[in-house]
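Raw coords-v3.pdb, PDB, C-alpha atoms:
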ATOM      1  CA  MET H 275    -104.873 -62.992  19.630
ATOM      2  CA  ILE H 276    -101.717 -62.897  21.742
ATOM      3  CA  ILE H 277     -99.596 -63.077  18.594
ATOM      4  CA  VAL H 278    -101.427 -60.088  17.119
ATOM      5  CA  LEU H 279    -100.931 -58.074  20.288
ATOM      6  CA  ASN H 280     -97.250 -58.930  20.352
ATOM      7  CA  PHE H 281     -96.919 -57.896  16.703
ATOM      8  CA  LEU H 282     -98.632 -54.576  17.393
ATOM      9  CA  ALA H 283     -96.385 -53.974  20.396
ATOM     10  CA  ILE H 284     -93.300 -54.616  18.281
ATOM     11  CA  ILE H 285     -94.571 -52.181  15.660
ATOM     12  CA  LEU H 286     -95.228 -49.523  18.291
ATOM     13  CA  VAL H 287     -91.763 -50.023  19.774
ATOM     14  CA  LEU H 288     -90.197 -49.715  16.318
ATOM     15  CA  LEU H 289     -92.186 -46.559  15.596
ATOM     16  CA  LEU H 290     -91.118 -45.110  18.947
ATOM     17  CA  VAL H 291     -87.475 -45.957  18.279
ATOM     18  CA  LEU H 292     -87.631 -44.449  14.787
ATOM     19  CA  THR H 293     -89.299 -41.334  16.164
ATOM     20  CA  LEU H 294     -86.683 -40.888  18.868
ATOM     21  CA  LEU H 295     -83.926 -41.569  16.367
ATOM     22  CA  GLY H 296     -85.352 -38.965  14.020
ATOM     23  CA  MET H 297     -85.450 -36.442  16.859
ATOM     24  CA  ALA H 298     -81.886 -37.305  17.896
ATOM     25  CA  VAL H 299     -80.262 -37.076  14.480
ATOM     26  CA  ARG H 300     -79.611 -33.749  12.792
ATOM     27  CA  ILE H 301     -77.739 -32.909   9.594
ATOM     28  CA  PHE H 302     -76.077 -29.509   9.146
ATOM     29  CA  ALA H 303     -74.621 -28.126   5.939
ATOM     30  CA  GLU H 304     -71.063 -26.848   5.694
ATOM     31  CA  TYR H 305     -72.177 -23.263   6.283
ATOM     32  CA  GLU H 306     -74.418 -24.102   9.279
ATOM     33  CA  ARG H 307     -73.721 -24.569  12.968
ATOM     34  CA  GLY H 308     -75.913 -25.788  15.812
ATOM     35  CA  VAL H 309     -75.848 -24.072  19.201
ATOM     36  CA  THR H 310     -76.780 -26.808  21.702
ATOM     37  CA  PHE H 311     -78.431 -26.351  25.105
ATOM     38  CA  ARG H 312     -78.896 -29.210  27.603
ATOM     39  CA  LEU H 313     -81.577 -28.534  30.190
ATOM     40  CA  GLY H 314     -81.179 -24.832  29.391
ATOM     41  CA  ARG H 315     -77.404 -24.763  29.756
ATOM     42  CA  PHE H 316     -75.065 -24.159  26.822
ATOM     43  CA  VAL H 317     -72.986 -27.263  26.081
ATOM     44  CA  GLY H 318     -71.308 -26.441  22.772
ATOM     45  CA  THR H 319     -71.547 -25.648  19.094
ATOM     46  CA  LYS H 320     -71.937 -28.602  16.748
ATOM     47  CA  GLY H 321     -71.660 -29.139  13.027
ATOM     48  CA  PRO H 322     -71.326 -29.397  10.150
ATOM     49  CA  GLY H 323     -72.391 -32.894   9.141
ATOM     50  CA  LEU H 324     -74.278 -35.538  11.112
ATOM     51  CA  ILE H 325     -74.787 -34.816  14.807
ATOM     52  CA  PHE H 326     -76.748 -36.448  17.632
ATOM     53  CA  ILE H 327     -78.684 -34.888  20.500
ATOM     54  CA  ILE H 328     -80.672 -36.254  23.397
ATOM     55  CA  PRO H 329     -84.413 -35.903  22.661
ATOM     56  CA  PHE H 330     -86.488 -33.859  25.110
ATOM     57  CA  ILE H 331     -83.290 -32.880  26.961
ATOM     58  CA  ASP H 332     -81.189 -31.119  24.372
ATOM     59  CA  ARG H 333     -82.343 -28.117  22.350
ATOM     60  CA  ILE H 334     -80.426 -26.934  19.324
ATOM     61  CA  GLU H 335     -80.663 -23.715  17.325
ATOM     62  CA  LYS H 336     -79.379 -23.549  13.769
ATOM     63  CA  VAL H 337     -77.235 -20.563  12.750
ATOM     64  CA  SER H 338     -76.028 -19.815   9.207
ATOM     65  CA  LEU H 339     -72.484 -18.551   8.736
ATOM     66  CA  ARG H 340     -73.029 -17.200   5.219
ATOM     67  CA  THR H 341     -72.828 -13.483   4.466
ATOM     68  CA  VAL H 342     -76.223 -11.827   4.669
ATOM     69  CA  VAL H 343     -77.047  -9.016   2.252
ATOM     70  CA  TYR H 344     -79.698  -6.634   3.554
ATOM     71  CA  ASP H 345     -81.139  -3.646   1.733
ATOM     72  CA  VAL H 346     -81.645  -0.949   4.359
ATOM     73  CA  PRO H 347     -84.995   0.785   3.699
ATOM     74  CA  VAL H 348     -85.121   4.422   2.652
ATOM     75  CA  GLN H 349     -84.596   6.770   5.582
ATOM     76  CA  GLU H 350     -85.692  10.399   5.560
ATOM     77  CA  VAL H 351     -82.886  12.439   7.095
ATOM     78  CA  ILE H 352     -82.128  16.109   7.728
ATOM     79  CA  THR H 353     -78.437  16.840   7.227
ATOM     80  CA  LYS H 354     -76.300  19.054   9.414
ATOM     81  CA  ASP H 355     -76.938  22.067   7.150
ATOM     82  CA  ASN H 356     -80.749  21.503   7.245
ATOM     83  CA  VAL H 357     -81.205  19.802   3.870
ATOM     84  CA  THR H 358     -83.934  17.161   3.801
ATOM     85  CA  CYS H 359     -83.057  14.053   1.791
ATOM     86  CA  ARG H 360     -83.941  10.379   1.513
ATOM     87  CA  VAL H 361     -81.109   7.861   1.827
ATOM     88  CA  ASN H 362     -80.902   4.081   1.573
ATOM     89  CA  ALA H 363     -77.980   1.692   1.908
ATOM     90  CA  VAL H 364     -76.945  -1.945   1.620
ATOM     91  CA  LEU H 365     -75.485  -3.946   4.520
ATOM     92  CA  TYR H 366     -73.231  -7.013   4.366
ATOM     93  CA  TYR H 367     -72.658  -9.015   7.554
ATOM     94  CA  ARG H 368     -72.081 -12.588   8.722
ATOM     95  CA  VAL H 369     -72.076 -14.528  11.985
ATOM     96  CA  VAL H 370     -68.596 -15.443  13.217
ATOM     97  CA  GLU H 371     -69.522 -16.587  16.753
ATOM     98  CA  PRO H 372     -72.771 -18.608  16.723
ATOM     99  CA  LYS H 373     -72.759 -18.881  20.521
ATOM    100  CA  ASN H 374     -72.797 -15.104  21.029
ATOM    101  CA  ALA H 375     -75.346 -14.578  18.246
ATOM    102  CA  VAL H 376     -77.816 -16.867  20.079
ATOM    103  CA  ILE H 377     -77.046 -16.123  23.734
ATOM    104  CA  ASN H 378     -76.186 -12.400  23.790
ATOM    105  CA  VAL H 379     -79.024 -11.043  21.658
ATOM    106  CA  GLN H 380     -82.595 -12.000  20.834
ATOM    107  CA  ARG H 381     -83.131 -12.407  17.063
ATOM    108  CA  PHE H 382     -79.728 -11.150  15.967
ATOM    109  CA  HIS H 383     -80.879 -10.512  12.391
ATOM    110  CA  GLU H 384     -83.654  -8.109  13.384
ATOM    111  CA  ALA H 385     -81.346  -6.441  15.907
ATOM    112  CA  THR H 386     -78.677  -5.839  13.275
ATOM    113  CA  ILE H 387     -81.252  -4.423  10.852
ATOM    114  CA  GLN H 388     -82.649  -1.971  13.399
ATOM    115  CA  LEU H 389     -79.140  -0.900  14.383
ATOM    116  CA  SER H 390     -78.180  -0.264  10.766
ATOM    117  CA  GLN H 391     -81.241   1.937  10.203
ATOM    118  CA  THR H 392     -80.672   4.089  13.281
ATOM    119  CA  THR H 393     -76.940   4.379  12.568
ATOM    120  CA  LEU H 394     -77.618   5.454   8.977
ATOM    121  CA  ARG H 395     -79.918   8.242  10.155
ATOM    122  CA  SER H 396     -77.426   9.336  12.812
ATOM    123  CA  VAL H 397     -74.340   9.418  10.566
ATOM    124  CA  VAL H 398     -76.076  11.169   7.662
ATOM    125  CA  GLY H 399     -77.668  13.639  10.087
ATOM    126  CA  ASP H 400     -74.226  14.620  11.404
ATOM    127  CA  ALA H 401     -72.837  15.216   7.894
ATOM    128  CA  GLU H 402     -73.328  18.198   5.618
ATOM    129  CA  PHE H 403     -75.102  17.824   2.304
ATOM    130  CA  ASP H 404     -71.972  18.456   0.204
ATOM    131  CA  GLU H 405     -70.127  15.834   2.241
ATOM    132  CA  LEU H 406     -72.932  13.350   1.585
ATOM    133  CA  LEU H 407     -72.545  13.845  -2.165
ATOM    134  CA  SER H 408     -68.752  14.120  -2.521
ATOM    135  CA  GLU H 409     -67.349  12.098   0.420
ATOM    136  CA  ARG H 410     -69.628   9.076   0.406
ATOM    137  CA  GLU H 411     -66.750   6.639   0.890
ATOM    138  CA  LYS H 412     -65.827   8.374   4.152
ATOM    139  CA  LEU H 413     -69.394   8.004   5.418
ATOM    140  CA  ASN H 414     -69.448   4.334   4.351
ATOM    141  CA  GLN H 415     -66.352   3.621   6.425
ATOM    142  CA  LYS H 416     -67.830   5.448   9.403
ATOM    143  CA  LEU H 417     -71.071   3.470   9.142
ATOM    144  CA  GLN H 418     -69.204   0.174   8.888
ATOM    145  CA  GLN H 419     -67.034   0.988  11.889
ATOM    146  CA  ILE H 420     -69.939   2.012  14.135
ATOM    147  CA  ILE H 421     -72.192  -0.942  13.258
ATOM    148  CA  ASP H 422     -69.344  -3.465  13.441
ATOM    149  CA  GLN H 423     -68.289  -2.208  16.861
ATOM    150  CA  ALA H 424     -71.858  -2.362  18.170
ATOM    151  CA  THR H 425     -72.497  -5.891  16.850
ATOM    152  CA  ASP H 426     -69.161  -7.351  17.947
ATOM    153  CA  PRO H 427     -70.566  -8.625  21.309
ATOM    154  CA  TRP H 428     -73.261 -10.414  19.284
ATOM    155  CA  GLY H 429     -70.672 -12.431  17.355
ATOM    156  CA  ILE H 430     -71.451 -10.588  14.104
ATOM    157  CA  LYS H 431     -68.915  -9.153  11.673
ATOM    158  CA  VAL H 432     -70.080  -6.289   9.460
ATOM    159  CA  THR H 433     -67.957  -6.409   6.326
ATOM    160  CA  THR H 434     -69.392  -3.589   4.208
ATOM    161  CA  VAL H 435     -71.932  -0.783   4.393
ATOM    162  CA  GLU H 436     -72.606   1.179   1.207
ATOM    163  CA  ILE H 437     -74.883   4.194   0.740
ATOM    164  CA  LYS H 438     -76.765   3.471  -2.490
ATOM    165  CA  ASP H 439     -79.014   6.379  -3.425
ATOM    166  CA  VAL H 440     -79.536   9.919  -2.196
ATOM    167  CA  THR H 441     -82.849  11.504  -3.185
ATOM    168  CA  ILE H 442     -83.270  15.258  -2.733
ATOM    169  CA  PRO H 443     -86.235  17.609  -3.350
ATOM    170  CA  ASP H 444     -86.688  19.289  -6.722
ATOM    171  CA  SER H 445     -85.958  22.729  -5.273
ATOM    172  CA  ILE H 446     -82.562  21.549  -4.023
ATOM    173  CA  GLN H 447     -81.841  19.964  -7.405
ATOM    174  CA  ARG H 448     -82.543  23.268  -9.138
ATOM    175  CA  SER H 449     -80.284  25.085  -6.686
ATOM    176  CA  ILE H 450     -77.504  22.590  -7.302
ATOM    177  CA  GLY H 451     -77.959  23.038 -11.052
ATOM    178  CA  ARG H 452     -77.687  26.819 -10.770
ATOM    179  CA  GLN H 453     -74.634  26.477  -8.551
ATOM    180  CA  ALA H 454     -72.955  24.120 -11.024
ATOM    181  CA  GLU H 455     -73.771  26.448 -13.919
ATOM    182  CA  ALA H 456     -72.319  29.440 -12.066
ATOM    183  CA  GLU H 457     -69.182  27.422 -11.286
ATOM    184  CA  ARG H 458     -68.778  26.497 -14.959
ATOM    185  CA  ARG H 459     -69.154  30.153 -15.966
ATOM    186  CA  ARG H 460     -66.555  31.190 -13.409
ATOM    187  CA  ARG H 461     -64.108  28.628 -14.726
ATOM    188  CA  ALA H 462     -64.780  29.704 -18.317
ATOM    189  CA  VAL H 463     -64.062  33.345 -17.462
ATOM    190  CA  ILE H 464     -60.861  32.389 -15.648
ATOM    191  CA  ILE H 465     -59.693  30.218 -18.535
ATOM    192  CA  GLN H 466     -60.472  32.961 -21.026
ATOM    193  CA  ALA H 467     -58.591  35.538 -18.946
ATOM    194  CA  GLU H 468     -55.598  33.222 -18.645
ATOM    195  CA  GLY H 469     -55.657  32.692 -22.399
ATOM    196  CA  GLU H 470     -55.739  36.420 -23.093
ATOM    197  CA  LYS H 471     -52.917  36.954 -20.635
ATOM    198  CA  GLN H 472     -50.737  34.352 -22.318
ATOM    199  CA  ALA H 473     -51.688  35.670 -25.766
ATOM    200  CA  ALA H 474     -50.760  39.223 -24.723
ATOM    201  CA  LYS H 475     -47.335  38.052 -23.570
ATOM    202  CA  GLU H 476     -46.724  36.192 -26.818
ATOM    203  CA  LEU H 477     -47.914  39.141 -28.905
ATOM    204  CA  ALA H 478     -45.677  41.513 -26.965
ATOM    205  CA  GLU H 479     -42.670  39.294 -27.564
ATOM    206  CA  ALA H 480     -43.551  38.948 -31.260
ATOM    207  CA  ALA H 481     -43.976  42.703 -31.640
ATOM    208  CA  ASP H 482     -40.654  43.314 -29.929
ATOM    209  CA  ILE H 483     -38.897  40.895 -32.289
ATOM    210  CA  LEU H 484     -40.537  42.371 -35.410
ATOM    211  CA  SER H 485     -39.734  45.941 -34.380
ATOM    212  CA  LYS H 486     -36.071  45.122 -33.909
ATOM    213  CA  GLN H 487     -35.676  43.442 -37.291
ATOM    214  CA  LYS H 488     -35.450  45.723 -40.320
ATOM    215  CA  GLY H 489     -38.293  44.985 -42.696
ATOM    216  CA  GLY H 490     -39.965  42.616 -40.237
ATOM    217  CA  LEU H 491     -43.192  44.573 -40.046
ATOM    218  CA  THR H 492     -43.336  44.773 -43.838
ATOM    219  CA  LEU H 493     -43.024  41.013 -44.154
ATOM    220  CA  ARG H 494     -45.742  40.582 -41.572
ATOM    221  CA  SER H 495     -48.015  42.958 -43.476
ATOM    222  CA  LEU H 496     -47.478  41.019 -46.673
ATOM    223  CA  ARG H 497     -48.273  37.804 -44.818
ATOM    224  CA  THR H 498     -51.521  39.323 -43.555
ATOM    225  CA  ALA H 499     -52.418  40.428 -47.076
ATOM    226  CA  LEU H 500     -51.843  36.903 -48.360
ATOM    227  CA  GLU H 501     -54.138  35.465 -45.700
ATOM    228  CA  MET H 502     -56.859  37.985 -46.434
ATOM    229  CA  SER H 503     -56.703  37.379 -50.186
ATOM    230  CA  ALA H 504     -57.275  33.664 -49.641
ATOM    231  CA  GLU H 505     -60.660  34.376 -48.022
ATOM    232  CA  LYS H 506     -63.748  35.205 -50.038
ATOM    233  CA  GLY H 507     -65.082  38.627 -49.108
ATOM    234  CA  ASN H 508     -65.563  42.252 -50.114
ATOM    235  CA  THR H 509     -62.700  43.646 -48.058
ATOM    236  CA  ILE H 510     -60.113  45.661 -49.988
ATOM    237  CA  TYR H 511     -56.640  45.700 -48.447
ATOM    238  CA  PHE H 512     -54.015  48.373 -49.270
ATOM    239  CA  PRO H 513     -50.502  47.586 -48.034
ATOM    240  CA  PHE H 514     -48.934  50.536 -46.239
ATOM    241  CA  PRO H 515     -45.130  50.441 -46.032
ATOM    242  CA  MET H 516     -43.845  50.715 -42.477
ATOM    243  CA  GLU H 517     -40.931  52.880 -43.757
ATOM    244  CA  PHE H 518     -43.447  55.544 -44.762
ATOM    245  CA  THR H 519     -44.228  56.094 -41.102
ATOM    246  CA  SER H 520     -40.564  56.740 -40.338
ATOM    247  CA  LEU H 521     -40.366  59.133 -43.289
ATOM    248  CA  MET H 522     -43.402  61.087 -42.061
ATOM    249  CA  ASN H 523     -41.896  61.316 -38.597
ATOM    250  CA  LEU H 524     -38.659  62.612 -40.102
ATOM    251  CA  ILE H 525     -40.491  65.242 -42.163
ATOM    252  CA  GLY H 526     -42.503  66.286 -39.141
ATOM    253  CA  GLY H 527     -39.343  66.673 -37.110
ATOM    254  CA  GLU H 528     -37.721  68.909 -39.761
ATOM    255  CA  GLU H 529     -40.778  71.167 -39.909
ATOM    256  CA  ASN H 530     -40.676  71.630 -36.203
ATOM    257  CA  GLU H 531     -37.021  72.621 -36.336
ATOM    258  CA  GLU H 532     -37.745  75.237 -39.008
ATOM    259  CA  LYS H 533     -40.425  76.758 -36.857
TER     260      LYS H 533
END

Show this structure as structure tokens.
Amino acid sequence: MIIVLNFLAIILVLLLVLTLLGMAVRIFAEYERGVTFRLGRFVGTKGPGLIFIIPFIDRIEKVSLRTVVYDVPVQEVITKDNVTCRVNAVLYYRVVEPKNAVINVQRFHEATIQLSQTTLRSVVGDAEFDELLSEREKLNQKLQQIIDQATDPWGIKVTTVEIKDVTIPDSIQRSIGRQAEAERRRRAVIIQAEGEKQAAKELAEAADILSKQKGGLTLRSLRTALEMSAEKGNTIYFPFPMEFTSLMNLIGGEENEEK
């Protein structure tokens, strides 16, 4: 009987030792750190690899150093020029100081998420609608700067904030379509006017050259007749010598002198 009791005691002692050893030994991956507290007081950051703590005295909290990608939910925002839109974004951040992430803020992940949502609404609300569509990179940099500055005491580094989608009402989409169509028409009219202006200059120069060269207008008329004859149609073309105009002017001048 005594032997059995001794055997059971040895087994219990071994189980107790194994239990305490299991509580004292921790293994952390390369991207993990352990923030250690001894009787409530911070004593250091441990890891990676195999580490030991004192059971029932030490408490350790595991913190991942990998970059966290968070999809910021859709936020309904009114822009500076009173346009209602729905905006969402994506946030990239990582913990660089595990001590601050555990001590200075409660649940740093949830805190960073809430901060990103409120900052997104604030920044988009201070921007005009055209700026939101055309200068998105500027707003991304502003978001990143504000969130990173606010989370710096928490030991968190915000690397990137990107606005993903901007959803606007159908009425605003139709207005934007009409505006774009009017802009295209304006550009088309300007381009056409510039083309006519350049063509008028070229035609004026060509006419000046032809008028100064003897027989130039006649050659041009013959060229026009050749082009018209190559086309299929019912148009009849009668060449009219340019010299005939000068002759008629001469005759008209003589008749006036006689009168």

Contacts of Thr392 of chain H at 12 Å or less, counting only C-alpha atoms, minus same-chain residues fewer than 6 places along, as a JSON list (two decimals) with C-alpha atoms, in the coordinates of the input?
[["chain", "number", "residue", "atom", "x", "y", "z"],
["H", 346, "VAL", "CA", -81.64, -0.95, 4.36],
["H", 347, "PRO", "CA", -85.00, 0.78, 3.70],
["H", 348, "VAL", "CA", -85.12, 4.42, 2.65],
["H", 349, "GLN", "CA", -84.60, 6.77, 5.58],
["H", 350, "GLU", "CA", -85.69, 10.40, 5.56],
["H", 351, "VAL", "CA", -82.89, 12.44, 7.10],
["H", 362, "ASN", "CA", -80.90, 4.08, 1.57],
["H", 363, "ALA", "CA", -77.98, 1.69, 1.91],
["H", 385, "ALA", "CA", -81.35, -6.44, 15.91],
["H", 386, "THR", "CA", -78.68, -5.84, 13.28],
["H", 398, "VAL", "CA", -76.08, 11.17, 7.66],
["H", 399, "GLY", "CA", -77.67, 13.64, 10.09],
["H", 417, "LEU", "CA", -71.07, 3.47, 9.14],
["H", 420, "ILE", "CA", -69.94, 2.01, 14.14],
["H", 421, "ILE", "CA", -72.19, -0.94, 13.26],
["H", 424, "ALA", "CA", -71.86, -2.36, 18.17]]

Residue contacts of Glu371 of chain H (8 Å, all atoms listed in the file) excluding same-chain residues fewer than 5 positions away, as an mmCIF file with C-alpha atoms, in the frame of the given file:
data_model
loop_
_atom_site.group_PDB
_atom_site.id
_atom_site.type_symbol
_atom_site.label_atom_id
_atom_site.label_comp_id
_atom_site.auth_asym_id
_atom_site.auth_seq_id
_atom_site.Cartn_x
_atom_site.Cartn_y
_atom_site.Cartn_z
ATOM 1 C CA TRP H 428 -73.261 -10.414 19.284
ATOM 2 C CA GLY H 429 -70.672 -12.431 17.355
ATOM 3 C CA ILE H 430 -71.451 -10.588 14.104
#

Inset, instruction - Would you mind reading off the distance between atom CA of Lys475 of chain H and atom CA of Val463 of chain H, one decimal, in Å? - result: 18.4 Å

Inset, instruction - Between atom CA of Glu479 of chain H and atom CA of Ala462 of chain H, measure the distance and give it in Å to one decimal. - result: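 Separation of atom CA of Glu479 of chain H and atom CA of Ala462 of chain H: 25.8 Å.
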
Legend entry - Near-Val357 of chain H list (10 Å; all atoms listed in the file; drop same-chain fewer than 2 positions) as a VMD selection string: chain H and resid 351 to 355 359 399 402 to 403 442 to 443 446

Using C-alpha atoms, can you export the residues from the last selection as a compact mmCIF listing (two decimals), in the frame of the given file?
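Everything below was put into result_17.txt:
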# COMPACT_ATOMS: atom_id res chain seq x y z
CA VAL H 351 -82.89 12.44 7.10
CA ILE H 352 -82.13 16.11 7.73
CA THR H 353 -78.44 16.84 7.23
CA LYS H 354 -76.30 19.05 9.41
CA ASP H 355 -76.94 22.07 7.15
CA CYS H 359 -83.06 14.05 1.79
CA GLY H 399 -77.67 13.64 10.09
CA GLU H 402 -73.33 18.20 5.62
CA PHE H 403 -75.10 17.82 2.30
CA ILE H 442 -83.27 15.26 -2.73
CA PRO H 443 -86.24 17.61 -3.35
CA ILE H 446 -82.56 21.55 -4.02

Inset, instruction - Using only C-alpha atoms, pick whichever of H:Ile465, H:Leu313, H:Ile328, H:Val379 has the shortest atom-to-atom distance to Leu295 of chain H. - result: H:Ile328

Inset, instruction - Please write the residues picked by the PyMOL selection byres ((chain H and resi 333) around 12) on this file as an MDAnalysis selection string. - result: chainID H and resid 297:298 300 308:320 326:332 334:336

Inset, instruction - Calculate how many Å separate atom CA of Thr425 of chain H from atom CA of Tyr367 of chain H, rounding to one decimal. - result: 9.8 Å

Legend entry - Residue with smallest distance to Val376 of chain H - pool H:Val364, H:Arg307, H:Leu282, H:Thr433, counting all atoms listed in the file: H:Arg307

Inset, instruction - Compare H:Glu476, H:Glu384, H:Asp444, H:Glu455 by their minimum atom-to-atom distance to Thr358 of chain H, counting only C-alpha atoms, and give me the closest one. - result: H:Asp444

Can you sort out the box for segment 385-403 of chain H, edges along x, y and z, all listed atoms in, 8 Å on every side, with centre and edge lengths in Å to one decimal, as lines of an AutoDock Vina configuration file?
center_x = -77.7
center_y = 5.9
center_z = 9.1
size_x = 25.8
size_y = 40.6
size_z = 29.6

Inset, instruction - List, as a PyMOL selection string, every residue that the PyMOL selection byres ((chain H and resi 436) around 7) selects in the file provided. - result: chain H and resi 363-365+414+434-435+437-438

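Restricting the calculation to only C-alpha atoms, the smallest distance between Val299 of chain H and any of H:Arg360, H:Phe281, H:Val432, H:Gly321 is found for H:Gly321.
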
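Among the candidates H:Lys416, H:Arg381, H:Arg459, H:Arg452, the residue lying nearest to Leu394 of chain H is H:Lys416 (atoms considered: all atoms listed in the file).
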